[in-house]
>>> print(open('structure.cif').read())   # mmCIF, C-alpha atoms, pLDDT in the B column; chains and numbers go by the auth columns
data_entry
loop_
_atom_site.group_PDB
_atom_site.id
_atom_site.type_symbol
_atom_site.label_atom_id
_atom_site.label_comp_id
_atom_site.label_asym_id
_atom_site.label_seq_id
_atom_site.Cartn_x
_atom_site.Cartn_y
_atom_site.Cartn_z
_atom_site.B_iso_or_equiv
_atom_site.auth_seq_id
_atom_site.auth_asym_id
ATOM 1 C CA MET A 1 -18.083 100.182 100.622 51.00 1 F
ATOM 2 C CA ARG A 2 -15.868 97.961 98.536 67.00 2 F
ATOM 3 C CA PRO A 3 -12.939 100.443 98.187 62.00 3 F
ATOM 4 C CA ARG A 4 -12.556 100.480 101.978 64.00 4 F
ATOM 5 C CA ARG A 5 -12.499 96.711 102.112 66.00 5 F
ATOM 6 C CA VAL A 6 -9.863 96.567 99.364 61.00 6 F
ATOM 7 C CA PHE A 7 -7.824 99.323 101.044 61.00 7 F
ATOM 8 C CA PHE A 8 -7.727 97.629 104.459 59.00 8 F
ATOM 9 C CA SER A 9 -7.147 94.191 102.947 61.00 9 F
ATOM 10 C CA ALA A 10 -4.145 95.529 101.041 57.00 10 F
ATOM 11 C CA ILE A 11 -2.738 97.141 104.178 59.00 11 F
ATOM 12 C CA LEU A 12 -3.162 93.896 106.105 55.00 12 F
ATOM 13 C CA LEU A 13 -1.474 91.927 103.328 53.00 13 F
ATOM 14 C CA VAL A 14 1.520 94.289 103.198 55.00 14 F
ATOM 15 C CA PHE A 15 2.015 94.297 106.958 56.00 15 F
ATOM 16 C CA SER A 16 1.555 90.538 107.366 55.00 16 F
ATOM 17 C CA ALA A 17 4.136 89.785 104.661 52.00 17 F
ATOM 18 C CA ALA A 18 7.039 91.248 106.653 49.00 18 F
ATOM 19 C CA HIS A 19 8.940 89.224 109.222 48.00 19 F
ATOM 20 C CA ALA A 20 8.852 90.322 112.860 49.00 20 F
ATOM 21 C CA GLU A 21 12.637 90.189 113.272 49.00 21 F
ATOM 22 C CA GLU A 22 13.261 92.438 110.287 56.00 22 F
ATOM 23 C CA ALA A 23 10.597 94.862 111.450 53.00 23 F
ATOM 24 C CA LEU A 24 12.213 95.077 114.875 53.00 24 F
ATOM 25 C CA ARG A 25 15.633 95.678 113.311 54.00 25 F
ATOM 26 C CA ALA A 26 14.218 98.396 111.024 52.00 26 F
ATOM 27 C CA ARG A 27 12.442 100.054 113.941 53.00 27 F
ATOM 28 C CA LEU A 28 15.688 100.267 115.912 53.00 28 F
ATOM 29 C CA VAL A 29 17.508 101.924 112.989 58.00 29 F
ATOM 30 C CA ASP A 30 14.650 104.057 111.671 68.00 30 F
ATOM 31 C CA SER A 31 13.640 107.432 113.096 74.00 31 F
ATOM 32 C CA VAL A 32 9.924 108.087 113.555 74.00 32 F
ATOM 33 C CA PHE A 33 10.180 111.740 112.539 75.00 33 F
ATOM 34 C CA GLY A 34 12.979 111.465 109.962 77.00 34 F
ATOM 35 C CA ALA A 35 12.888 113.358 106.686 77.00 35 F
ATOM 36 C CA ASP A 36 12.383 110.061 104.915 85.00 36 F
ATOM 37 C CA LYS A 37 8.897 109.730 106.431 90.00 37 F
ATOM 38 C CA GLY A 38 7.893 113.090 104.976 91.00 38 F
ATOM 39 C CA HIS A 39 9.113 111.949 101.576 92.00 39 F
ATOM 40 C CA HIS A 40 7.080 108.746 101.815 93.00 40 F
ATOM 41 C CA PHE A 41 3.989 110.660 102.982 95.00 41 F
ATOM 42 C CA ALA A 42 4.202 113.262 100.203 95.00 42 F
ATOM 43 C CA ALA A 43 5.117 110.813 97.442 95.00 43 F
ATOM 44 C CA CYS A 44 2.215 108.459 98.156 96.00 44 F
ATOM 45 C CA ALA A 45 -0.230 111.354 98.518 96.00 45 F
ATOM 46 C CA MET A 46 0.885 112.720 95.131 97.00 46 F
ATOM 47 C CA ILE A 47 0.727 109.274 93.499 96.00 47 F
ATOM 48 C CA CYS A 48 -2.793 108.815 94.856 96.00 48 F
ATOM 49 C CA ALA A 49 -3.940 112.231 93.626 95.00 49 F
ATOM 50 C CA THR A 50 -2.327 111.778 90.204 96.00 50 F
ATOM 51 C CA ALA A 51 -3.820 108.312 89.741 96.00 51 F
ATOM 52 C CA HIS A 52 -7.229 109.699 90.740 96.00 52 F
ATOM 53 C CA TYR A 53 -6.961 112.465 88.147 94.00 53 F
ATOM 54 C CA ALA A 54 -5.902 109.996 85.460 95.00 54 F
ATOM 55 C CA ALA A 55 -8.692 107.579 86.339 95.00 55 F
ATOM 56 C CA MET A 56 -11.388 110.261 86.177 93.00 56 F
ATOM 57 C CA GLN A 57 -10.135 112.389 83.300 94.00 57 F
ATOM 58 C CA GLU A 58 -8.368 109.888 81.073 93.00 58 F
ATOM 59 C CA PHE A 59 -10.230 106.650 81.789 93.00 59 F
ATOM 60 C CA GLY A 60 -13.671 108.100 82.554 94.00 60 F
ATOM 61 C CA MET A 61 -14.131 106.334 85.898 94.00 61 F
ATOM 62 C CA SER A 62 -16.654 107.537 88.468 93.00 62 F
ATOM 63 C CA ARG A 63 -15.353 109.310 91.599 90.00 63 F
ATOM 64 C CA PRO A 64 -15.777 106.328 93.992 90.00 64 F
ATOM 65 C CA ARG A 65 -14.216 103.902 91.546 94.00 65 F
ATOM 66 C CA SER A 66 -11.322 106.233 90.738 94.00 66 F
ATOM 67 C CA ILE A 67 -10.573 106.748 94.443 93.00 67 F
ATOM 68 C CA GLY A 68 -10.356 102.984 94.961 94.00 68 F
ATOM 69 C CA PHE A 69 -8.150 102.716 91.881 95.00 69 F
ATOM 70 C CA SER A 70 -5.846 105.491 93.075 96.00 70 F
ATOM 71 C CA ILE A 71 -5.532 103.981 96.560 96.00 71 F
ATOM 72 C CA GLY A 72 -4.519 100.664 94.999 95.00 72 F
ATOM 73 C CA ILE A 73 -1.919 102.296 92.760 96.00 73 F
ATOM 74 C CA ALA A 74 -0.399 104.277 95.641 96.00 74 F
ATOM 75 C CA LEU A 75 -0.346 101.255 97.991 95.00 75 F
ATOM 76 C CA THR A 76 1.339 99.212 95.301 96.00 76 F
ATOM 77 C CA ALA A 77 3.980 101.893 94.784 95.00 77 F
ATOM 78 C CA GLY A 78 4.686 102.162 98.523 94.00 78 F
ATOM 79 C CA ALA A 79 4.887 98.394 98.995 94.00 79 F
ATOM 80 C CA ALA A 80 7.081 98.033 95.891 94.00 80 F
ATOM 81 C CA LYS A 81 9.519 100.606 97.305 92.00 81 F
ATOM 82 C CA GLU A 82 9.806 98.665 100.562 90.00 82 F
ATOM 83 C CA ILE A 83 10.272 95.366 98.716 91.00 83 F
ATOM 84 C CA TYR A 84 12.970 97.017 96.593 91.00 84 F
ATOM 85 C CA ASP A 85 14.697 98.319 99.733 87.00 85 F
ATOM 86 C CA LYS A 86 14.608 94.852 101.295 87.00 86 F
ATOM 87 C CA ARG A 87 15.944 92.987 98.276 90.00 87 F
ATOM 88 C CA SER A 88 18.434 95.476 96.858 89.00 88 F
ATOM 89 C CA GLY A 89 20.480 96.026 99.978 81.00 89 F
ATOM 90 C CA LYS A 90 20.561 99.773 99.250 80.00 90 F
ATOM 91 C CA GLY A 91 18.162 100.539 102.068 78.00 91 F
ATOM 92 C CA HIS A 92 16.057 98.719 104.631 80.00 92 F
ATOM 93 C CA ALA A 93 12.391 97.910 104.635 82.00 93 F
ATOM 94 C CA SER A 94 10.564 99.780 107.352 85.00 94 F
ATOM 95 C CA TRP A 95 7.172 99.530 108.982 86.00 95 F
ATOM 96 C CA LEU A 96 7.371 103.237 109.672 90.00 96 F
ATOM 97 C CA ASP A 97 7.830 103.959 105.961 91.00 97 F
ATOM 98 C CA LEU A 98 4.715 101.899 105.212 93.00 98 F
ATOM 99 C CA ALA A 99 2.844 103.786 107.925 93.00 99 F
ATOM 100 C CA ALA A 100 3.900 107.111 106.375 94.00 100 F
ATOM 101 C CA ASP A 101 2.825 105.820 102.945 95.00 101 F
ATOM 102 C CA THR A 102 -0.560 104.809 104.357 95.00 102 F
ATOM 103 C CA ALA A 103 -1.020 108.155 106.109 96.00 103 F
ATOM 104 C CA GLY A 104 -0.297 110.039 102.865 96.00 104 F
ATOM 105 C CA ILE A 105 -2.724 107.836 100.956 96.00 105 F
ATOM 106 C CA ALA A 106 -5.403 108.263 103.629 96.00 106 F
ATOM 107 C CA LEU A 107 -5.083 112.050 103.554 96.00 107 F
ATOM 108 C CA ALA A 108 -5.224 112.140 99.763 95.00 108 F
ATOM 109 C CA ALA A 109 -8.267 109.828 99.698 94.00 109 F
ATOM 110 C CA LEU A 110 -9.972 111.981 102.326 94.00 110 F
ATOM 111 C CA LEU A 111 -9.343 115.147 100.333 93.00 111 F
ATOM 112 C CA LEU A 112 -10.430 113.484 97.097 90.00 112 F
ATOM 113 C CA ASN A 113 -13.780 112.627 98.711 86.00 113 F
ATOM 114 C CA VAL A 114 -14.529 116.302 99.458 83.00 114 F
ATOM 115 C CA PRO A 115 -17.026 117.523 96.852 78.00 115 F
ATOM 116 C CA PHE A 116 -15.952 120.747 95.176 70.00 116 F
ATOM 117 C CA HIS A 117 -18.710 122.811 93.588 59.00 117 F
#
>>> encode(input="structure.cif", output="structure tokens")
Amino acid sequence: MRPRRVFFSAILLVFSAAHAEEALRARLVDSVFGADKGHHFAACAMICATAHYAAMQEFGMSRPRSIGFSIGIALTAGAAKEIYDKRSGKGHASWLDLAADTAGIALAALLLNVPFH
């Protein structure tokens, strides 16, 4: 189950890279059920599904390998958005945004594992 190991290792790396003080500040400002969380959820789910399609159809990867590839692409996109928010000053990095990203990726990966015949 290497894709799972890579997936959870990437999540751990992203979460451990943030500072506790900044996370607390973002949590105080950030709403749990804000519209922004829905955007993060949907965007990462769509990135995951699109990367999966590209990996299988364009690159000829097997289903398990393409799911791992798509999870990595979507996690990278979500983490890059939070890093951009932190460094640009145009937004704030948020643990809740990363959680919404992860939830969208998890749902997409779950649906991509369902065999359609």
>>> resolve_selection(input="structure.cif", expression="the PyMOL selection byres ((chain F and resi 52) around 8)", output="number ranges by chain")
F: 48-51, 53-56, 66-67, 69-70
>>> resolve_selection(input="structure.cif", expression="the PyMOL selection byres ((chain F and resi 45) around 10)", output="JSON list (two decimals) with C-alpha atoms, in the coordinates of the input")
[["chain", "number", "residue", "atom", "x", "y", "z"],
["F", 39, "HIS", "CA", 9.11, 111.95, 101.58],
["F", 40, "HIS", "CA", 7.08, 108.75, 101.82],
["F", 41, "PHE", "CA", 3.99, 110.66, 102.98],
["F", 42, "ALA", "CA", 4.20, 113.26, 100.20],
["F", 43, "ALA", "CA", 5.12, 110.81, 97.44],
["F", 44, "CYS", "CA", 2.22, 108.46, 98.16],
["F", 46, "MET", "CA", 0.88, 112.72, 95.13],
["F", 47, "ILE", "CA", 0.73, 109.27, 93.50],
["F", 48, "CYS", "CA", -2.79, 108.82, 94.86],
["F", 49, "ALA", "CA", -3.94, 112.23, 93.63],
["F", 50, "THR", "CA", -2.33, 111.78, 90.20],
["F", 51, "ALA", "CA", -3.82, 108.31, 89.74],
["F", 70, "SER", "CA", -5.85, 105.49, 93.08],
["F", 71, "ILE", "CA", -5.53, 103.98, 96.56],
["F", 74, "ALA", "CA", -0.40, 104.28, 95.64],
["F", 100, "ALA", "CA", 3.90, 107.11, 106.38],
["F", 101, "ASP", "CA", 2.82, 105.82, 102.94],
["F", 102, "THR", "CA", -0.56, 104.81, 104.36],
["F", 103, "ALA", "CA", -1.02, 108.16, 106.11],
["F", 104, "GLY", "CA", -0.30, 110.04, 102.86],
["F", 105, "ILE", "CA", -2.72, 107.84, 100.96],
["F", 106, "ALA", "CA", -5.40, 108.26, 103.63],
["F", 107, "LEU", "CA", -5.08, 112.05, 103.55],
["F", 108, "ALA", "CA", -5.22, 112.14, 99.76],
["F", 109, "ALA", "CA", -8.27, 109.83, 99.70]]
>>> residues_around(input="structure.cif", residues="F:Phe33", least_positions_apart="3", cutoff="10 Å", atoms="only C-alpha atoms", output="list in words")
Asp30, Asp36, Lys37, Gly38, Leu96 and Ala100 of chain F
>>> atom_distance(input="structure.cif", atom1="atom CA of F:Ala79", atom2="atom CA of F:Leu98")
7.1 Å
>>> atom_distance(input="structure.cif", atom1="atom CA of F:Gly68", atom2="atom CA of F:Gly91")
29.5 Å
>>> residues_near_point(input="structure.cif", point="(8.4, 98.6, 98.6)", cutoff="12 Å", atoms="only C-alpha atoms", output="list in words")
Val14, Phe15, Ala17, Ala18, His40, Cys44, Ala74, Leu75, Thr76, Ala77, Gly78, Ala79, Ala80, Lys81, Glu82, Ile83, Tyr84, Asp85, Lys86, Arg87, Ser88, Gly91, His92, Ala93, Ser94, Trp95, Asp97, Leu98 and Asp101 of chain F
>>> closest_residue(input="structure.cif", among="F:Arg63, F:Gly72, F:Phe116, F:Ala99", to="F:Val32", atoms="only C-alpha atoms")
F:Ala99
>>> atom_distance(input="structure.cif", atom1="atom CA of F:Ser31", atom2="atom CA of F:Leu111")
27.4 Å
>>> build_atoms(input="structure.cif", residues="stretch 76-92 of chain F", atoms="N, CA, C and O atoms", output="tab-separated table (two decimals), in the coordinates of the input")
chain	number	residue	atom	x	y	z
F	76	THR	N	0.42	100.05	96.06
F	76	THR	CA	1.34	99.21	95.30
F	76	THR	C	2.70	99.88	95.18
F	76	THR	O	3.74	99.23	95.34
F	77	ALA	N	2.72	101.17	94.90
F	77	ALA	CA	3.98	101.89	94.78
F	77	ALA	C	4.74	101.89	96.11
F	77	ALA	O	5.96	101.67	96.15
F	78	GLY	N	4.04	102.15	97.21
F	78	GLY	CA	4.69	102.16	98.52
F	78	GLY	C	5.23	100.79	98.90
F	78	GLY	O	6.35	100.67	99.40
F	79	ALA	N	4.44	99.75	98.68
F	79	ALA	CA	4.89	98.39	99.00
F	79	ALA	C	6.05	97.98	98.09
F	79	ALA	O	7.00	97.35	98.55
F	80	ALA	N	5.99	98.36	96.82
F	80	ALA	CA	7.08	98.03	95.89
F	80	ALA	C	8.39	98.69	96.33
F	80	ALA	O	9.46	98.09	96.23
F	81	LYS	N	8.31	99.91	96.82
F	81	LYS	CA	9.52	100.61	97.30
F	81	LYS	C	10.12	99.87	98.49
F	81	LYS	O	11.35	99.71	98.58
F	82	GLU	N	9.29	99.40	99.40
F	82	GLU	CA	9.81	98.66	100.56
F	82	GLU	C	10.38	97.31	100.15
F	82	GLU	O	11.41	96.89	100.68
F	83	ILE	N	9.74	96.64	99.22
F	83	ILE	CA	10.27	95.37	98.72
F	83	ILE	C	11.61	95.61	98.02
F	83	ILE	O	12.57	94.84	98.21
F	84	TYR	N	11.71	96.68	97.24
F	84	TYR	CA	12.97	97.02	96.59
F	84	TYR	C	14.06	97.28	97.64
F	84	TYR	O	15.19	96.80	97.50
F	85	ASP	N	13.73	98.04	98.68
F	85	ASP	CA	14.70	98.32	99.73
F	85	ASP	C	15.18	97.03	100.39
F	85	ASP	O	16.37	96.89	100.69
F	86	LYS	N	14.26	96.11	100.63
F	86	LYS	CA	14.61	94.85	101.30
F	86	LYS	C	15.51	93.98	100.43
F	86	LYS	O	16.48	93.42	100.91
F	87	ARG	N	15.21	93.91	99.15
F	87	ARG	CA	15.94	92.99	98.28
F	87	ARG	C	17.21	93.58	97.68
F	87	ARG	O	18.13	92.83	97.36
F	88	SER	N	17.28	94.88	97.52
F	88	SER	CA	18.43	95.48	96.86
F	88	SER	C	19.63	95.64	97.77
F	88	SER	O	20.76	95.69	97.31
F	89	GLY	N	19.38	95.78	99.05
F	89	GLY	CA	20.48	96.03	99.98
F	89	GLY	C	20.90	97.48	100.03
F	89	GLY	O	21.80	97.86	100.75
F	90	LYS	N	20.23	98.34	99.27
F	90	LYS	CA	20.56	99.77	99.25
F	90	LYS	C	19.84	100.54	100.34
F	90	LYS	O	20.10	101.70	100.57
F	91	GLY	N	18.93	99.92	101.00
F	91	GLY	CA	18.16	100.54	102.07
F	91	GLY	C	17.64	99.43	102.96
F	91	GLY	O	18.10	98.29	102.88
F	92	HIS	N	16.69	99.75	103.81
F	92	HIS	CA	16.06	98.72	104.63
F	92	HIS	C	14.55	98.94	104.63
F	92	HIS	O	14.08	100.06	104.63
